[in-house]
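**Student:** My structure is in coords.cif, and what it holds is mmCIF, C-alpha atoms:
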```
data_start
#
loop_
_atom_site.label_atom_id
_atom_site.label_comp_id
_atom_site.auth_asym_id
_atom_site.auth_seq_id
_atom_site.Cartn_x
_atom_site.Cartn_y
_atom_site.Cartn_z
CA MET A 1 -41.61 46.12 72.23
CA SER A 2 -38.00 46.65 73.29
CA CYS A 3 -36.89 45.09 69.99
CA CYS A 4 -39.13 47.45 68.03
CA ARG A 5 -37.90 50.46 69.97
CA ASN A 6 -34.28 49.47 69.30
CA HIS A 7 -35.05 48.98 65.62
CA GLY A 8 -36.66 52.41 65.52
CA LYS A 9 -33.61 53.96 67.18
CA ARG A 10 -31.34 52.32 64.61
CA ILE A 11 -33.45 53.79 61.80
CA VAL A 12 -33.26 57.28 63.36
CA ILE A 13 -29.49 56.97 63.77
CA ALA A 14 -29.12 55.77 60.18
CA ILE A 15 -31.15 58.71 58.89
CA ALA A 16 -29.08 61.13 60.98
CA ILE A 17 -25.84 59.70 59.60
CA LEU A 18 -27.23 60.00 56.08
CA PHE A 19 -28.06 63.69 56.58
CA VAL A 20 -24.57 64.34 57.95
CA ALA A 21 -23.03 62.56 54.98
CA LEU A 22 -25.19 64.22 52.32
CA PRO A 23 -23.11 67.44 52.04
CA VAL A 24 -19.94 65.38 51.66
CA LEU A 25 -21.57 63.17 49.04
CA ALA A 26 -22.91 66.21 47.21
CA GLN A 27 -19.49 67.83 47.24
CA LYS A 28 -17.91 64.68 45.85
CA THR A 29 -20.56 64.40 43.13
CA ALA A 30 -20.04 68.05 42.14
CA SER A 31 -16.25 67.80 41.87
CA PRO A 32 -14.81 68.95 38.53
CA THR A 33 -13.47 66.35 36.12
CA CYS A 34 -9.72 66.63 35.66
CA PRO A 35 -8.51 67.03 32.08
CA SER A 36 -5.81 64.70 30.81
CA LYS A 37 -3.15 67.42 30.94
CA PRO A 38 -2.29 69.92 33.71
CA ILE A 39 -4.58 72.95 34.01
CA VAL A 40 -2.67 76.08 33.08
CA LEU A 41 -3.61 78.87 35.50
CA ALA A 42 -2.20 82.36 35.03
CA LEU A 43 -1.36 84.60 37.99
CA PHE A 44 -0.15 88.17 37.78
CA GLU A 45 1.93 90.35 40.09
CA PHE A 46 -0.48 92.52 42.03
CA GLY A 47 0.51 93.01 45.65
CA ASN A 48 -0.99 90.55 48.08
CA LEU A 49 -2.92 88.81 45.31
CA TYR A 50 0.46 87.54 44.11
CA ARG A 51 3.99 88.80 44.64
CA ASP A 52 7.37 87.11 44.98
CA GLY A 53 5.88 83.62 44.99
CA THR A 54 3.15 84.19 47.57
CA GLY A 55 -0.29 85.72 47.78
CA LEU A 56 -4.00 85.06 47.95
CA ASP A 57 -4.34 83.79 44.39
CA LYS A 58 -1.46 81.34 44.86
CA ASP A 59 -3.18 80.09 48.02
CA ILE A 60 -6.49 79.69 46.18
CA SER A 61 -4.86 77.82 43.29
CA ASP A 62 -3.23 75.43 45.79
CA ILE A 63 -6.62 74.68 47.39
CA MET A 64 -8.22 74.22 43.97
CA ALA A 65 -5.59 71.61 43.12
CA GLU A 66 -5.93 69.91 46.50
CA ARG A 67 -9.73 69.67 46.46
CA SER A 68 -10.12 68.73 42.81
CA GLY A 69 -7.21 66.32 42.67
CA CYS A 70 -6.25 67.86 39.31
CA ARG A 71 -2.74 68.78 38.23
CA PHE A 72 -2.08 72.51 37.88
CA ASP A 73 0.60 74.37 35.94
CA VAL A 74 0.67 77.82 37.58
CA ARG A 75 2.35 80.53 35.53
CA VAL A 76 3.01 84.22 36.18
CA MET A 77 2.06 86.45 33.24
CA GLN A 78 1.64 90.14 32.58
CA ARG A 79 -2.05 90.94 32.33
CA GLN A 80 -1.83 92.22 28.77
CA TYR A 81 -0.79 88.72 27.63
CA THR A 82 -3.33 86.83 29.75
CA TRP A 83 -6.42 87.82 27.75
CA PRO A 84 -5.32 86.64 24.28
CA ALA A 85 -3.93 83.44 25.84
CA LEU A 86 -7.26 82.78 27.58
CA GLN A 87 -9.07 83.45 24.33
CA ASP A 88 -6.99 81.09 22.20
CA GLY A 89 -6.92 78.40 24.90
CA SER A 90 -3.17 78.42 25.58
CA ILE A 91 -4.09 79.03 29.23
CA ASP A 92 -7.14 77.59 30.95
CA MET A 93 -7.89 79.88 33.88
CA THR A 94 -6.95 83.05 35.70
CA LEU A 95 -7.92 84.57 39.04
CA SER A 96 -8.77 88.07 40.32
CA ALA A 97 -10.06 89.16 36.93
CA VAL A 98 -12.65 91.81 36.14
CA ALA A 99 -15.32 90.24 33.93
CA LEU A 100 -15.53 92.87 31.20
CA PRO A 101 -17.96 92.06 28.34
CA GLU A 102 -15.07 91.60 25.91
CA ARG A 103 -13.55 89.02 28.30
CA THR A 104 -16.73 87.08 28.98
CA ALA A 105 -17.05 86.67 25.21
CA PHE A 106 -14.29 84.04 25.53
CA SER A 107 -14.43 83.01 29.21
CA TRP A 108 -16.81 81.81 31.92
CA ALA A 109 -16.83 83.98 35.06
CA THR A 110 -17.37 83.20 38.76
CA PRO A 111 -17.06 86.16 41.16
CA TYR A 112 -15.47 85.55 44.55
CA LEU A 113 -14.06 88.91 45.74
CA TRP A 114 -15.56 92.39 45.81
CA MET A 115 -13.03 95.21 45.92
CA LYS A 116 -13.26 98.95 46.37
CA TYR A 117 -10.83 100.91 44.22
CA MET A 118 -9.18 103.86 45.94
CA VAL A 119 -7.04 106.79 44.78
CA VAL A 120 -3.55 106.76 46.27
CA LEU A 121 -1.89 110.18 46.21
CA ARG A 122 1.55 111.35 47.15
CA LYS A 123 1.47 113.35 50.37
CA ASP A 124 2.96 116.39 48.61
CA VAL A 125 -0.02 116.72 46.27
CA ASP A 126 -1.83 119.94 47.12
CA SER A 127 -4.25 119.42 50.00
CA SER A 128 -7.04 121.03 47.96
CA ILE A 129 -7.10 118.02 45.58
CA HIS A 130 -9.92 115.78 46.79
CA SER A 131 -11.87 114.71 43.71
CA LYS A 132 -11.56 113.64 40.09
CA ALA A 133 -12.47 117.15 38.95
CA ASP A 134 -9.80 118.69 41.21
CA PHE A 135 -7.16 116.32 39.81
CA ILE A 136 -8.11 116.99 36.18
CA ALA A 137 -8.05 120.73 36.79
CA ASP A 138 -4.38 120.69 37.83
CA PRO A 139 -2.25 120.28 34.68
CA ASN A 140 0.82 119.27 36.72
CA LEU A 141 -0.71 116.04 38.02
CA LYS A 142 -0.38 112.67 36.27
CA LEU A 143 -1.83 109.23 36.91
CA GLY A 144 0.18 106.02 36.68
CA THR A 145 -1.36 102.74 35.53
CA GLY A 146 -0.38 99.28 34.34
CA HIS A 147 -0.89 97.97 30.82
CA ALA A 148 -4.34 96.34 30.42
CA TYR A 149 -5.36 97.26 33.99
CA VAL A 150 -8.94 97.96 34.93
CA HIS A 151 -9.63 100.63 37.54
CA GLY A 152 -13.22 99.87 38.40
CA ARG A 153 -16.41 101.14 36.79
CA SER A 154 -16.36 104.31 38.88
CA TYR A 155 -13.01 105.46 37.47
CA ASP A 156 -13.19 104.42 33.81
CA GLU A 157 -14.31 107.82 32.54
CA PHE A 158 -11.79 109.61 34.77
CA VAL A 159 -8.88 107.57 33.39
CA THR A 160 -10.10 108.06 29.82
CA GLN A 161 -10.28 111.84 30.30
CA LEU A 162 -6.73 111.93 31.64
CA ARG A 163 -5.47 109.71 28.86
CA ASN A 164 -7.05 111.96 26.23
CA ILE A 165 -5.06 114.94 27.54
CA GLY A 166 -1.78 113.06 27.84
CA ARG A 167 -1.67 112.71 31.61
CA VAL A 168 -1.55 108.92 32.00
CA VAL A 169 1.74 107.05 32.32
CA ASP A 170 1.51 103.36 31.33
CA VAL A 171 3.85 100.95 33.11
CA ALA A 172 4.61 97.31 32.30
CA ASP A 173 4.08 95.81 35.77
CA THR A 174 2.74 96.71 39.20
CA ASP A 175 6.05 96.53 41.06
CA ARG A 176 7.56 99.08 38.69
CA LEU A 177 4.35 101.14 38.86
CA PHE A 178 4.71 101.72 42.58
CA LYS A 179 8.47 102.32 42.36
CA MET A 180 7.82 105.07 39.82
CA PHE A 181 5.05 106.47 42.02
CA LYS A 182 7.48 106.72 44.94
CA ALA A 183 9.99 108.41 42.63
CA ASP A 184 7.38 111.08 41.74
CA ARG A 185 7.12 110.10 38.06
CA PHE A 186 3.37 110.55 38.58
CA GLN A 187 1.35 111.68 41.54
CA ALA A 188 -1.47 109.16 41.83
CA VAL A 189 -2.44 105.55 41.21
CA ILE A 190 -5.81 103.81 41.44
CA SER A 191 -5.62 100.55 43.32
CA THR A 192 -7.24 98.25 45.85
CA GLN A 193 -6.28 97.73 49.47
CA ILE A 194 -4.97 94.22 48.92
CA ALA A 195 -2.52 95.58 46.34
CA TYR A 196 -1.34 98.98 47.55
CA THR A 197 -0.71 97.82 51.13
CA SER A 198 1.86 95.34 49.80
CA TYR A 199 3.89 98.03 48.02
CA LEU A 200 3.30 101.03 50.30
CA LYS A 201 3.20 99.53 53.80
CA ASP A 202 6.12 101.65 55.06
CA ASP A 203 4.87 104.78 53.27
CA ILE A 204 1.40 104.38 54.79
CA GLN A 205 2.86 103.97 58.26
CA ALA A 206 5.10 107.01 57.72
CA ASP A 207 2.13 109.06 56.50
CA LYS A 208 3.75 109.68 53.10
CA VAL A 209 0.62 108.98 51.07
CA ARG A 210 -3.06 109.91 51.09
CA ILE A 211 -5.67 107.28 50.30
CA GLU A 212 -9.07 108.63 49.27
CA ASP A 213 -12.37 107.31 47.96
CA TRP A 214 -13.38 109.42 44.97
CA SER A 215 -16.43 107.30 44.21
CA PRO A 216 -18.31 107.17 47.53
CA GLY A 217 -21.55 105.25 47.51
CA LYS A 218 -20.65 103.39 44.33
CA PRO A 219 -20.78 99.56 44.31
CA LYS A 220 -17.65 97.49 44.72
CA ASP A 221 -16.11 95.77 41.71
CA GLU A 222 -16.11 91.98 41.33
CA LEU A 223 -12.97 89.94 40.91
CA ASN A 224 -13.58 86.62 39.19
CA LEU A 225 -12.25 83.23 38.33
CA LEU A 226 -12.22 83.29 34.51
CA ILE A 227 -12.17 79.99 32.60
CA SER A 228 -11.47 79.65 28.88
CA LYS A 229 -14.50 78.79 26.77
CA LYS A 230 -12.06 77.29 24.28
CA ASN A 231 -11.16 74.50 26.71
CA PHE A 232 -14.15 74.11 29.04
CA THR A 233 -17.89 73.76 28.55
CA GLN A 234 -20.31 75.84 30.60
CA ASP A 235 -21.14 72.82 32.80
CA GLU A 236 -17.45 72.10 33.41
CA ALA A 237 -16.81 75.74 34.30
CA ARG A 238 -19.82 75.73 36.63
CA LEU A 239 -18.29 72.90 38.68
CA TRP A 240 -15.08 74.88 39.11
CA GLY A 241 -17.19 77.84 40.15
CA GLU A 242 -18.95 75.67 42.72
CA LEU A 243 -15.58 74.67 44.13
CA ILE A 244 -14.70 78.36 44.66
CA LYS A 245 -18.12 79.02 46.22
CA ALA A 246 -17.62 76.07 48.60
CA MET A 247 -14.32 77.62 49.70
CA ASN A 248 -16.24 80.75 50.62
CA ALA A 249 -19.07 78.87 52.33
CA ASP A 250 -16.78 76.82 54.58
CA GLY A 251 -14.63 79.79 55.65
CA THR A 252 -11.53 78.86 53.65
CA LEU A 253 -11.48 82.08 51.63
CA LEU A 254 -11.90 84.16 54.79
CA ARG A 255 -9.00 82.33 56.44
CA LEU A 256 -6.76 82.83 53.41
CA LEU A 257 -7.70 86.47 52.86
CA SER A 258 -7.20 87.29 56.55
CA LYS A 259 -3.50 86.54 56.09
CA TYR A 260 -3.22 89.69 53.98
CA VAL A 261 -5.82 92.15 55.34
CA ASP A 262 -7.61 92.62 58.65
CA GLN A 263 -10.45 90.14 59.12
CA ALA A 264 -13.05 92.93 59.18
CA ASP A 265 -11.82 94.09 55.75
CA ALA A 266 -11.67 90.48 54.53
CA ILE A 267 -15.34 89.98 55.45
CA LYS A 268 -16.26 93.07 53.40
CA MET A 269 -14.29 91.79 50.42
CA LEU A 270 -16.16 88.47 50.45
CA ALA A 271 -19.61 90.08 50.32
CA PRO A 272 -21.15 91.82 47.27
#
```
Here is the file; what I need is its structure written in the form of structure tokens.
**Tutor:**
Amino acid sequence: MSCCRNHGKRIVIAIAILFVALPVLAQKTASPTCPSKPIVLALFEFGNLYRDGTGLDKDISDIMAERSGCRFDVRVMQRQYTWPALQDGSIDMTLSAVALPERTAFSWATPYLWMKYMVVLRKDVDSSIHSKADFIADPNLKLGTGHAYVHGRSYDEFVTQLRNIGRVVDVADTDRLFKMFKADRFQAVISTQIAYTSYLKDDIQADKVRIEDWSPGKPKDELNLLISKKNFTQDEARLWGELIKAMNADGTLLRLLSKYVDQADAIKMLAP
């Protein structure tokens, strides 16, 4: 009987070990297949997403390379050049992208961050300005934006209205955008916390800017991993998406994001 009991215990232990190992085995099975050449991944300068060689997207790309075992060629590109390059296959992937219909025509999308776009105003803007309608009604106010930037679904019509009346200033890159904002070349920008805090940290602390939500109650906007359909099949892209989702599930994304924003804000950004 003792022999049988010991045999039974060994079976239970073996089953327990198997259940512990299953997630690891599943993760290994679901790993993406590395292409023969390095994966070209485009980053863009946008505050704490990427700036001066560091940022959340650089951290994520490093983890993607580490976990997949694939070689990565990470390049910094202006956003206006990223989309045609993703479409023709000269780059393979990009991060923190809004999955507009015209972009998902040539790329596979996996969301991993949910951001709220805010209006950042100079402190000297009249205190009566607290809405899109108020801003449009004052002919002296202009909005600054970057080439090929998206401002979130809640602000698309607002930006279009301003552009139609000649009150939008287009700037080549985000660093220059915020320098011009500080120099009063325009009085407002639309941005997300992870970006504007990088450029305006001192101004926020000195109370030189106002940050307002002009789309309260509206859903947050998704930021995605976009993968070129020219170079990857849907099944191949799905495996890369699963890798990103695993980074969220095991707390890696929260740990990385908490380097750049408070943990409470990071938690909100990781939930739809």
**Student:** Provide the atom CA of A:Ser191 to atom CA of A:Thr145 distance in Å, to one decimal place.
**Tutor:** 9.1 Å
**Student:** Between A:Ile129, A:Lys123, A:Thr197, A:Ala237, single out the one closest to A:Lys182, counting all atoms listed in the file.
**Tutor:**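 Of A:Ile129, A:Lys123, A:Thr197, A:Ala237, the one nearest A:Lys182, counting all atoms listed in the file, is A:Lys123.
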**Student:** I want to know what sits within 12 Å of A:Thr104, based on all atoms listed in the file, with residues of the same chain fewer than 5 positions away left out; could you give that as a PyMOL selection string?
**Tutor:** chain A and resi 83+86-87+97-99+109-110+224-230+234
**Student:** Work out how far atom CA of A:Tyr260 is from atom CA of A:Asn248, in Å to one decimal.
**Tutor:**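 Atom CA of A:Tyr260 lies at a distance of 16.1 Å from atom CA of A:Asn248.
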**Student:** My list of candidates is A:Ser31, A:Asn48, A:Gln205, A:Ser107. Which is closest to A:Cys70 when distances are computed with only C-alpha atoms?
**Tutor:** A:Ser31
**Student:** Hey, can you check how far atom CA of A:Ser68 sits from atom CA of A:Leu239?
**Tutor:**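 Going from atom CA of A:Ser68 over to atom CA of A:Leu239 covers 10.1 Å.
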**Student:** Just want the 10 Å neighbourhood of A:Ile190, counted on only C-alpha atoms, with same-chain residues fewer than 3 positions away dropped. Output as a list in words.
**Tutor:**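 Once the nearby chain positions are removed, what remains is Tyr117, Met118, Val119, Val120, Leu121, Leu143, Gly144, Thr145, Tyr149, Val150, His151, Gly152, Tyr155, Val159, Tyr196, Ile211, Glu212 and Asp213 of chain A.
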**Student:** Got a sec to resolve the PyMOL selection byres ((chain A and resi 242) around 12) on this structure and send the residues as an MDAnalysis selection string?
**Tutor:** chainID A and resid 26:32 64 67:68 109:112 225 235:241 243:249
**Student:** On this file, the PyMOL selection byres ((chain A and resi 146) around 12) gives some set of residues; write that set as a ChimeraX atom specification.
**Tutor:** /A:44-46,78-80,143-145,147-151,159,168-178,180-181,189-191
**Student:** Which of these, A:Lys58, A:Arg71, A:Lys116, A:Arg51, has the shortest distance to A:Pro219 once you count all atoms listed in the file?
**Tutor:**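 Closest residue, counting all atoms listed in the file: A:Lys116.
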**Student:** When you look at A:Ala264 with a cut-off of 12 Å (counting only C-alpha atoms), what residues show up, excluding the ones that are within fewer than 6 positions of it in the same chain? I need them as a CSV table (one decimal) with C-alpha atoms, in the frame of the given file.
**Tutor:**
```
chain,number,residue,atom,x,y,z
A,254,LEU,CA,-11.9,84.2,54.8
A,255,ARG,CA,-9.0,82.3,56.4
A,257,LEU,CA,-7.7,86.5,52.9
A,258,SER,CA,-7.2,87.3,56.6
A,270,LEU,CA,-16.2,88.5,50.4
A,271,ALA,CA,-19.6,90.1,50.3
```
**Student:** For each of A:Ala188, A:Ala133, A:Leu141, A:Leu253, take the minimum atom-to-atom distance to A:Val209, counting all atoms listed in the file, then give the residue where this is smallest.
**Tutor:** A:Ala188
**Student:** Hey, which of A:Ala65, A:Leu223, A:Ile60, A:Leu256 ends up closest to A:Met115? Count only C-alpha atoms.
**Tutor:** A:Leu223
**Student:** Of the candidates A:Val76, A:Met93, A:Ala85, A:Ile267, which one gets nearest to A:Ile39 if we count only C-alpha atoms?
**Tutor:**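 Among the listed residues, the smallest separation from A:Ile39 belongs to A:Met93.
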**Student:** Take the PyMOL selection byres ((chain A and resi 165) around 12), run it mentally on this structure, and tell me the resulting residues as a list in words.
**Tutor:** Ile136, Ala137, Asp138, Pro139, Asn140, Leu141, Lys142, Leu143, Phe158, Val159, Thr160, Gln161, Leu162, Arg163, Asn164, Gly166, Arg167, Val168 and Val169 of chain A
**Student:** For those residues, write C-alpha atoms to a file as a compact mmCIF listing (two decimals), in the frame of the given file.
**Tutor:**
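Dumped everything to selection-v7.txt:
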```txt
# COMPACT_ATOMS: atom_id res chain seq x y z
CA ILE A 136 -8.11 116.99 36.18
CA ALA A 137 -8.05 120.73 36.79
CA ASP A 138 -4.38 120.69 37.83
CA PRO A 139 -2.25 120.28 34.68
CA ASN A 140 0.82 119.27 36.72
CA LEU A 141 -0.71 116.04 38.02
CA LYS A 142 -0.38 112.67 36.27
CA LEU A 143 -1.83 109.23 36.91
CA PHE A 158 -11.79 109.61 34.77
CA VAL A 159 -8.88 107.57 33.39
CA THR A 160 -10.10 108.06 29.82
CA GLN A 161 -10.28 111.84 30.30
CA LEU A 162 -6.73 111.93 31.64
CA ARG A 163 -5.47 109.71 28.86
CA ASN A 164 -7.05 111.96 26.23
CA GLY A 166 -1.78 113.06 27.84
CA ARG A 167 -1.67 112.71 31.61
CA VAL A 168 -1.55 108.92 32.00
CA VAL A 169 1.74 107.05 32.32
```
**Student:** Reconstruct N, CA and C atoms of stretch 183-218 of chain A from the incomplete input and present them as a PDB file, in the frame of the given file.
**Tutor:**
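Below you can see selection.pdb, which holds the result:
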```pdb
ATOM      1  N   ALA A 183       8.979 107.527  43.196  1.00  0.00           N
ATOM      2  CA  ALA A 183       9.990 108.410  42.630  1.00  0.00           C
ATOM      3  C   ALA A 183       9.387 109.682  42.028  1.00  0.00           C
ATOM      4  N   ASP A 184       8.089 109.877  42.191  1.00  0.00           N
ATOM      5  CA  ASP A 184       7.380 111.080  41.740  1.00  0.00           C
ATOM      6  C   ASP A 184       7.322 111.199  40.217  1.00  0.00           C
ATOM      7  N   ARG A 185       7.310 110.052  39.511  1.00  0.00           N
ATOM      8  CA  ARG A 185       7.120 110.100  38.060  1.00  0.00           C
ATOM      9  C   ARG A 185       5.667 110.416  37.726  1.00  0.00           C
ATOM     10  N   PHE A 186       4.776 110.138  38.632  1.00  0.00           N
ATOM     11  CA  PHE A 186       3.370 110.550  38.580  1.00  0.00           C
ATOM     12  C   PHE A 186       2.895 110.665  40.010  1.00  0.00           C
ATOM     13  N   GLN A 187       1.753 111.292  40.198  1.00  0.00           N
ATOM     14  CA  GLN A 187       1.350 111.680  41.540  1.00  0.00           C
ATOM     15  C   GLN A 187       0.205 110.856  42.117  1.00  0.00           C
ATOM     16  N   ALA A 188      -0.346 109.954  41.328  1.00  0.00           N
ATOM     17  CA  ALA A 188      -1.470 109.160  41.830  1.00  0.00           C
ATOM     18  C   ALA A 188      -1.538 107.813  41.110  1.00  0.00           C
ATOM     19  N   VAL A 189      -2.083 106.834  41.805  1.00  0.00           N
ATOM     20  CA  VAL A 189      -2.440 105.550  41.210  1.00  0.00           C
ATOM     21  C   VAL A 189      -3.827 105.180  41.739  1.00  0.00           C
ATOM     22  N   ILE A 190      -4.519 104.338  40.993  1.00  0.00           N
ATOM     23  CA  ILE A 190      -5.810 103.810  41.440  1.00  0.00           C
ATOM     24  C   ILE A 190      -5.600 102.333  41.728  1.00  0.00           C
ATOM     25  N   SER A 191      -5.915 101.924  42.937  1.00  0.00           N
ATOM     26  CA  SER A 191      -5.620 100.550  43.320  1.00  0.00           C
ATOM     27  C   SER A 191      -6.566 100.091  44.423  1.00  0.00           C
ATOM     28  N   THR A 192      -6.426  98.831  44.787  1.00  0.00           N
ATOM     29  CA  THR A 192      -7.240  98.250  45.850  1.00  0.00           C
ATOM     30  C   THR A 192      -6.361  97.983  47.074  1.00  0.00           C
ATOM     31  N   GLN A 193      -7.002  97.893  48.223  1.00  0.00           N
ATOM     32  CA  GLN A 193      -6.280  97.730  49.470  1.00  0.00           C
ATOM     33  C   GLN A 193      -5.327  96.534  49.456  1.00  0.00           C
ATOM     34  N   ILE A 194      -5.789  95.430  48.900  1.00  0.00           N
ATOM     35  CA  ILE A 194      -4.970  94.220  48.920  1.00  0.00           C
ATOM     36  C   ILE A 194      -3.712  94.374  48.075  1.00  0.00           C
ATOM     37  N   ALA A 195      -3.706  95.336  47.154  1.00  0.00           N
ATOM     38  CA  ALA A 195      -2.520  95.580  46.340  1.00  0.00           C
ATOM     39  C   ALA A 195      -1.644  96.677  46.930  1.00  0.00           C
ATOM     40  N   TYR A 196      -2.211  97.864  47.155  1.00  0.00           N
ATOM     41  CA  TYR A 196      -1.340  98.980  47.550  1.00  0.00           C
ATOM     42  C   TYR A 196      -0.697  98.781  48.916  1.00  0.00           C
ATOM     43  N   THR A 197      -1.334  98.048  49.825  1.00  0.00           N
ATOM     44  CA  THR A 197      -0.710  97.820  51.130  1.00  0.00           C
ATOM     45  C   THR A 197       0.571  96.996  51.010  1.00  0.00           C
ATOM     46  N   SER A 198       0.661  96.155  50.002  1.00  0.00           N
ATOM     47  CA  SER A 198       1.860  95.340  49.800  1.00  0.00           C
ATOM     48  C   SER A 198       3.051  96.207  49.388  1.00  0.00           C
ATOM     49  N   TYR A 199       2.800  97.200  48.543  1.00  0.00           N
ATOM     50  CA  TYR A 199       3.890  98.030  48.020  1.00  0.00           C
ATOM     51  C   TYR A 199       4.163  99.263  48.870  1.00  0.00           C
ATOM     52  N   LEU A 200       3.184  99.728  49.605  1.00  0.00           N
ATOM     53  CA  LEU A 200       3.300 101.030  50.300  1.00  0.00           C
ATOM     54  C   LEU A 200       3.164 100.915  51.814  1.00  0.00           C
ATOM     55  N   LYS A 201       3.387  99.733  52.359  1.00  0.00           N
ATOM     56  CA  LYS A 201       3.200  99.530  53.800  1.00  0.00           C
ATOM     57  C   LYS A 201       3.997 100.550  54.614  1.00  0.00           C
ATOM     58  N   ASP A 202       5.276 100.705  54.307  1.00  0.00           N
ATOM     59  CA  ASP A 202       6.120 101.650  55.060  1.00  0.00           C
ATOM     60  C   ASP A 202       5.688 103.090  54.824  1.00  0.00           C
ATOM     61  N   ASP A 203       5.287 103.410  53.595  1.00  0.00           N
ATOM     62  CA  ASP A 203       4.870 104.780  53.270  1.00  0.00           C
ATOM     63  C   ASP A 203       3.560 105.125  53.978  1.00  0.00           C
ATOM     64  N   ILE A 204       2.659 104.145  54.077  1.00  0.00           N
ATOM     65  CA  ILE A 204       1.400 104.380  54.790  1.00  0.00           C
ATOM     66  C   ILE A 204       1.661 104.624  56.261  1.00  0.00           C
ATOM     67  N   GLN A 205       2.530 103.805  56.844  1.00  0.00           N
ATOM     68  CA  GLN A 205       2.860 103.970  58.260  1.00  0.00           C
ATOM     69  C   GLN A 205       3.565 105.285  58.525  1.00  0.00           C
ATOM     70  N   ALA A 206       4.375 105.742  57.562  1.00  0.00           N
ATOM     71  CA  ALA A 206       5.100 107.010  57.720  1.00  0.00           C
ATOM     72  C   ALA A 206       4.283 108.215  57.274  1.00  0.00           C
ATOM     73  N   ASP A 207       3.032 107.979  56.908  1.00  0.00           N
ATOM     74  CA  ASP A 207       2.130 109.060  56.500  1.00  0.00           C
ATOM     75  C   ASP A 207       2.668 109.814  55.270  1.00  0.00           C
ATOM     76  N   LYS A 208       3.213 109.056  54.309  1.00  0.00           N
ATOM     77  CA  LYS A 208       3.750 109.680  53.100  1.00  0.00           C
ATOM     78  C   LYS A 208       2.764 109.683  51.942  1.00  0.00           C
ATOM     79  N   VAL A 209       1.626 109.041  52.125  1.00  0.00           N
ATOM     80  CA  VAL A 209       0.620 108.980  51.070  1.00  0.00           C
ATOM     81  C   VAL A 209      -0.756 109.308  51.641  1.00  0.00           C
ATOM     82  N   ARG A 210      -1.648 109.725  50.749  1.00  0.00           N
ATOM     83  CA  ARG A 210      -3.060 109.910  51.090  1.00  0.00           C
ATOM     84  C   ARG A 210      -3.861 108.888  50.299  1.00  0.00           C
ATOM     85  N   ILE A 211      -4.817 108.264  50.959  1.00  0.00           N
ATOM     86  CA  ILE A 211      -5.670 107.280  50.300  1.00  0.00           C
ATOM     87  C   ILE A 211      -7.112 107.762  50.418  1.00  0.00           C
ATOM     88  N   GLU A 212      -7.745 108.009  49.269  1.00  0.00           N
ATOM     89  CA  GLU A 212      -9.070 108.630  49.270  1.00  0.00           C
ATOM     90  C   GLU A 212     -10.036 107.867  48.367  1.00  0.00           C
ATOM     91  N   ASP A 213     -11.291 107.908  48.739  1.00  0.00           N
ATOM     92  CA  ASP A 213     -12.370 107.310  47.960  1.00  0.00           C
ATOM     93  C   ASP A 213     -13.033 108.421  47.144  1.00  0.00           C
ATOM     94  N   TRP A 214     -12.790 108.401  45.831  1.00  0.00           N
ATOM     95  CA  TRP A 214     -13.380 109.420  44.970  1.00  0.00           C
ATOM     96  C   TRP A 214     -14.627 108.906  44.258  1.00  0.00           C
ATOM     97  N   SER A 215     -15.166 107.814  44.739  1.00  0.00           N
ATOM     98  CA  SER A 215     -16.430 107.300  44.210  1.00  0.00           C
ATOM     99  C   SER A 215     -17.293 106.781  45.367  1.00  0.00           C
ATOM    100  N   PRO A 216     -17.535 107.635  46.356  1.00  0.00           N
ATOM    101  CA  PRO A 216     -18.310 107.170  47.530  1.00  0.00           C
ATOM    102  C   PRO A 216     -19.721 106.760  47.142  1.00  0.00           C
ATOM    103  N   GLY A 217     -20.190 105.711  47.782  1.00  0.00           N
ATOM    104  CA  GLY A 217     -21.550 105.250  47.510  1.00  0.00           C
ATOM    105  C   GLY A 217     -21.678 104.364  46.293  1.00  0.00           C
ATOM    106  N   LYS A 218     -20.606 104.233  45.522  1.00  0.00           N
ATOM    107  CA  LYS A 218     -20.650 103.390  44.330  1.00  0.00           C
ATOM    108  C   LYS A 218     -20.403 101.932  44.717  1.00  0.00           C
TER     109      LYS A 218
END
```
